[in-house]
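**Student:** Just dropping this structure here.
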Amino acid sequence: MNGVVDLRSCLESWPFDEAKNIRIEHGVNGRDIILVRQPMGLEQYEVDGRPDGRQVNGMETVLDFHQARINGWIQNQTALVFELTPEECAELFDEANVFYRRLVVLFRVKDWPRAERDAAQILRLLEYVSHRAQCSQDRLRLEPWRPHLTRIHAVAHAMKLLSEKPCQDIFQKVRATNSILQIFDDGAADYGMIEEVLVESIRDSLAGLPAFHPSKEMCFLRQGDYWKIQYQGHTTFLKSMRGLHCLACLLRHPGREFHVSELLAHLLEVPAAPTAVLANGSQHKQLVPPRLADGIPILDTRAKTEYKRRVTELRQELEEAEQFNDPNRANNAKHEMNVITQQLAAAIGLGGRERKISSEAERARCAVTKRIKQAIQKIAGGIPTLGHHLTARVKTGYFCSYNPYPDHPVAWRF
């Protein structure tokens, strides 16, 4: 423990007082710093630049570094698509946290220009991640906090204008752009009351630290007649429903395909199917009903014709996109072609033989799909980011599966 700094002498000379726990001092490098006295220690923030004073490859912030990197790539035409990895997004989320902590302090000391600056910085970071992140959950993680940050930024901007020139013209301008102030009439403005109303309007937004980089613990836990679901720092409790049981089964086995008959058997709490012995002597559950081949084709002649026509159109569209160097259009065309290919693969077996479905299998598919989608809709009402994740990563049909991003798996606790 050699070299550990003992702060007791400093803390004893500055007793904790929640009403007077912020000071602005000169740092050893000549720059001003903000000191915040906590019950058992101190917090320190740079007044300008990144709050912790750290630089990233010579840049002032992580956001500046990534923006400079992509600008360099665009100028050199070395990359058509630039995406942030989950690790890079995590670093940006950490940066958003330190900026937000300083933002709260700036509001307390009424430094409105810097408060507006930090709120704008976090909003720029949010916008950048939402457009550049590889994984949808990273793109959506900051979205629940956008209304709070937008409101905080608007109030900081209004307070800055009013403090710079408290006259009627400025008041009318601020009132026109801030719905909070529309309660005041056109008479003489009481600026003390205006300040109080503005600060009160965001008190709840400033009260808690947003989960920019929340706990990684995710749970899908049944507790009696309810399910406790936790994802990216958000928690919801849902009354038990059959679709949640299906989802739990899929989440327990990422990447594995379950036939709808097996999921229905799981719901009924009976054995899914008899065990069959394969030619090599190994055992395998017979998930597909025996009469599956006695039904109707999965795709009729008209559907197959429409698929072929659409594939031809997509190939032409892909050629045009590559010719005009339009990566977004090319990626969209490739994605739709992959989806059609998967549909055709599911409908056509070896040798081009048509796969068929029985009426029992079709009813099972409809029932399971409906229940899973209803469950995802319920989850989205409590945790929108998880709703988006499950919508994108859960596949339904005759075979259902949960397929998380390979480079960003979710460690669920059951």
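Following the order of the structure tokens, chains are lettered A, B, ..., residues in each are numbered from 1, and ligands are numbered from 1.
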Show which residues sit within 10 Å of Lys110 in chain A, as a PyMOL selection string. Count only C-alpha atoms, and ignore same-chain residues fewer than 6 positions away.
**Tutor:** chain A and resi 104+156+159-160+163
**Student:** May I have the selected residues written with N, CA and C atoms, as an mmCIF file, in the first residue's frame?
**Tutor:**
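Everything below was put into part-v4.cif:
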```
data_model
loop_
_atom_site.group_PDB
_atom_site.id
_atom_site.type_symbol
_atom_site.label_atom_id
_atom_site.label_comp_id
_atom_site.auth_asym_id
_atom_site.auth_seq_id
_atom_site.Cartn_x
_atom_site.Cartn_y
_atom_site.Cartn_z
ATOM 1 N N VAL A 104 -24.569 17.478 -13.832
ATOM 2 C CA VAL A 104 -25.369 17.671 -12.612
ATOM 3 C C VAL A 104 -24.704 18.713 -11.707
ATOM 4 N N ALA A 156 -31.045 24.398 -19.812
ATOM 5 C CA ALA A 156 -29.736 25.051 -19.693
ATOM 6 C C ALA A 156 -29.609 26.193 -20.690
ATOM 7 N N MET A 159 -31.793 29.115 -19.461
ATOM 8 C CA MET A 159 -31.183 29.790 -18.317
ATOM 9 C C MET A 159 -29.991 30.640 -18.749
ATOM 10 N N LYS A 160 -29.235 30.140 -19.720
ATOM 11 C CA LYS A 160 -28.086 30.917 -20.211
ATOM 12 C C LYS A 160 -28.548 32.210 -20.860
ATOM 13 N N SER A 163 -29.864 34.656 -18.199
ATOM 14 C CA SER A 163 -28.821 35.218 -17.343
ATOM 15 C C SER A 163 -27.965 36.231 -18.083
#
```
**Student:** For Asp48 in chain A, which of A:Leu161, A:Ile34, A:Cys219, A:Ile383 is the closest residue, counting only C-alpha atoms?
**Tutor:**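 The closest residue to Asp48 in chain A is A:Ile34.
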**Student:** Against range 248-266 of chain A, which residues of range 393-414 of chain A fall within 8 Å? For each one I want the closest pair of atoms and the distance in Å (one decimal), counting only C-alpha atoms, rows by chain and increasing residue number, as a tab-separated table.
**Tutor:**
```
residue	atom	partner	partner_atom	distance
A:Gly397	CA	A:Val260	CA	7.6
A:Tyr398	CA	A:Val260	CA	5.6
A:Phe399	CA	A:His259	CA	4.4
A:Cys400	CA	A:Phe258	CA	5.2
A:Ser401	CA	A:Glu257	CA	4.8
A:Tyr402	CA	A:Pro254	CA	5.1
A:Asn403	CA	A:Gly255	CA	5.0
A:Pro404	CA	A:Pro254	CA	7.0
A:Trp412	CA	A:Leu251	CA	7.5
A:Phe414	CA	A:Arg252	CA	7.9
```
**Student:** For the residues in the current selection, export N, CA and C atoms as a PDB file, in the first residue's frame.
**Tutor:**
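selection.pdb written:
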```pdb
ATOM      1  N   GLY A 397     -41.748 -19.618 -36.619  1.00  0.00           N
ATOM      2  CA  GLY A 397     -42.126 -20.399 -37.791  1.00  0.00           C
ATOM      3  C   GLY A 397     -42.339 -21.831 -37.336  1.00  0.00           C
ATOM      4  N   TYR A 398     -42.130 -22.793 -38.231  1.00  0.00           N
ATOM      5  CA  TYR A 398     -42.229 -24.192 -37.824  1.00  0.00           C
ATOM      6  C   TYR A 398     -41.072 -24.569 -36.902  1.00  0.00           C
ATOM      7  N   PHE A 399     -39.942 -23.875 -37.069  1.00  0.00           N
ATOM      8  CA  PHE A 399     -38.817 -24.013 -36.166  1.00  0.00           C
ATOM      9  C   PHE A 399     -38.520 -22.642 -35.574  1.00  0.00           C
ATOM     10  N   CYS A 400     -38.433 -22.578 -34.260  1.00  0.00           N
ATOM     11  CA  CYS A 400     -38.207 -21.314 -33.555  1.00  0.00           C
ATOM     12  C   CYS A 400     -36.838 -21.345 -32.886  1.00  0.00           C
ATOM     13  N   SER A 401     -36.212 -20.172 -32.789  1.00  0.00           N
ATOM     14  CA  SER A 401     -34.890 -20.110 -32.158  1.00  0.00           C
ATOM     15  C   SER A 401     -34.599 -18.685 -31.713  1.00  0.00           C
ATOM     16  N   TYR A 402     -33.656 -18.595 -30.790  1.00  0.00           N
ATOM     17  CA  TYR A 402     -33.128 -17.305 -30.322  1.00  0.00           C
ATOM     18  C   TYR A 402     -31.673 -17.231 -30.757  1.00  0.00           C
ATOM     19  N   ASN A 403     -31.335 -16.197 -31.542  1.00  0.00           N
ATOM     20  CA  ASN A 403     -30.009 -16.094 -32.133  1.00  0.00           C
ATOM     21  C   ASN A 403     -29.383 -14.744 -31.791  1.00  0.00           C
ATOM     22  N   PRO A 404     -28.730 -14.634 -30.612  1.00  0.00           N
ATOM     23  CA  PRO A 404     -28.112 -13.363 -30.241  1.00  0.00           C
ATOM     24  C   PRO A 404     -26.949 -13.032 -31.166  1.00  0.00           C
ATOM     25  N   TRP A 412     -27.900 -14.682 -19.811  1.00  0.00           N
ATOM     26  CA  TRP A 412     -29.166 -14.665 -19.079  1.00  0.00           C
ATOM     27  C   TRP A 412     -29.052 -15.498 -17.803  1.00  0.00           C
ATOM     28  N   PHE A 414     -31.476 -17.538 -15.105  1.00  0.00           N
ATOM     29  CA  PHE A 414     -32.838 -18.099 -15.039  1.00  0.00           C
ATOM     30  C   PHE A 414     -33.138 -18.600 -13.629  1.00  0.00           C
TER      31      PHE A 414
END
```
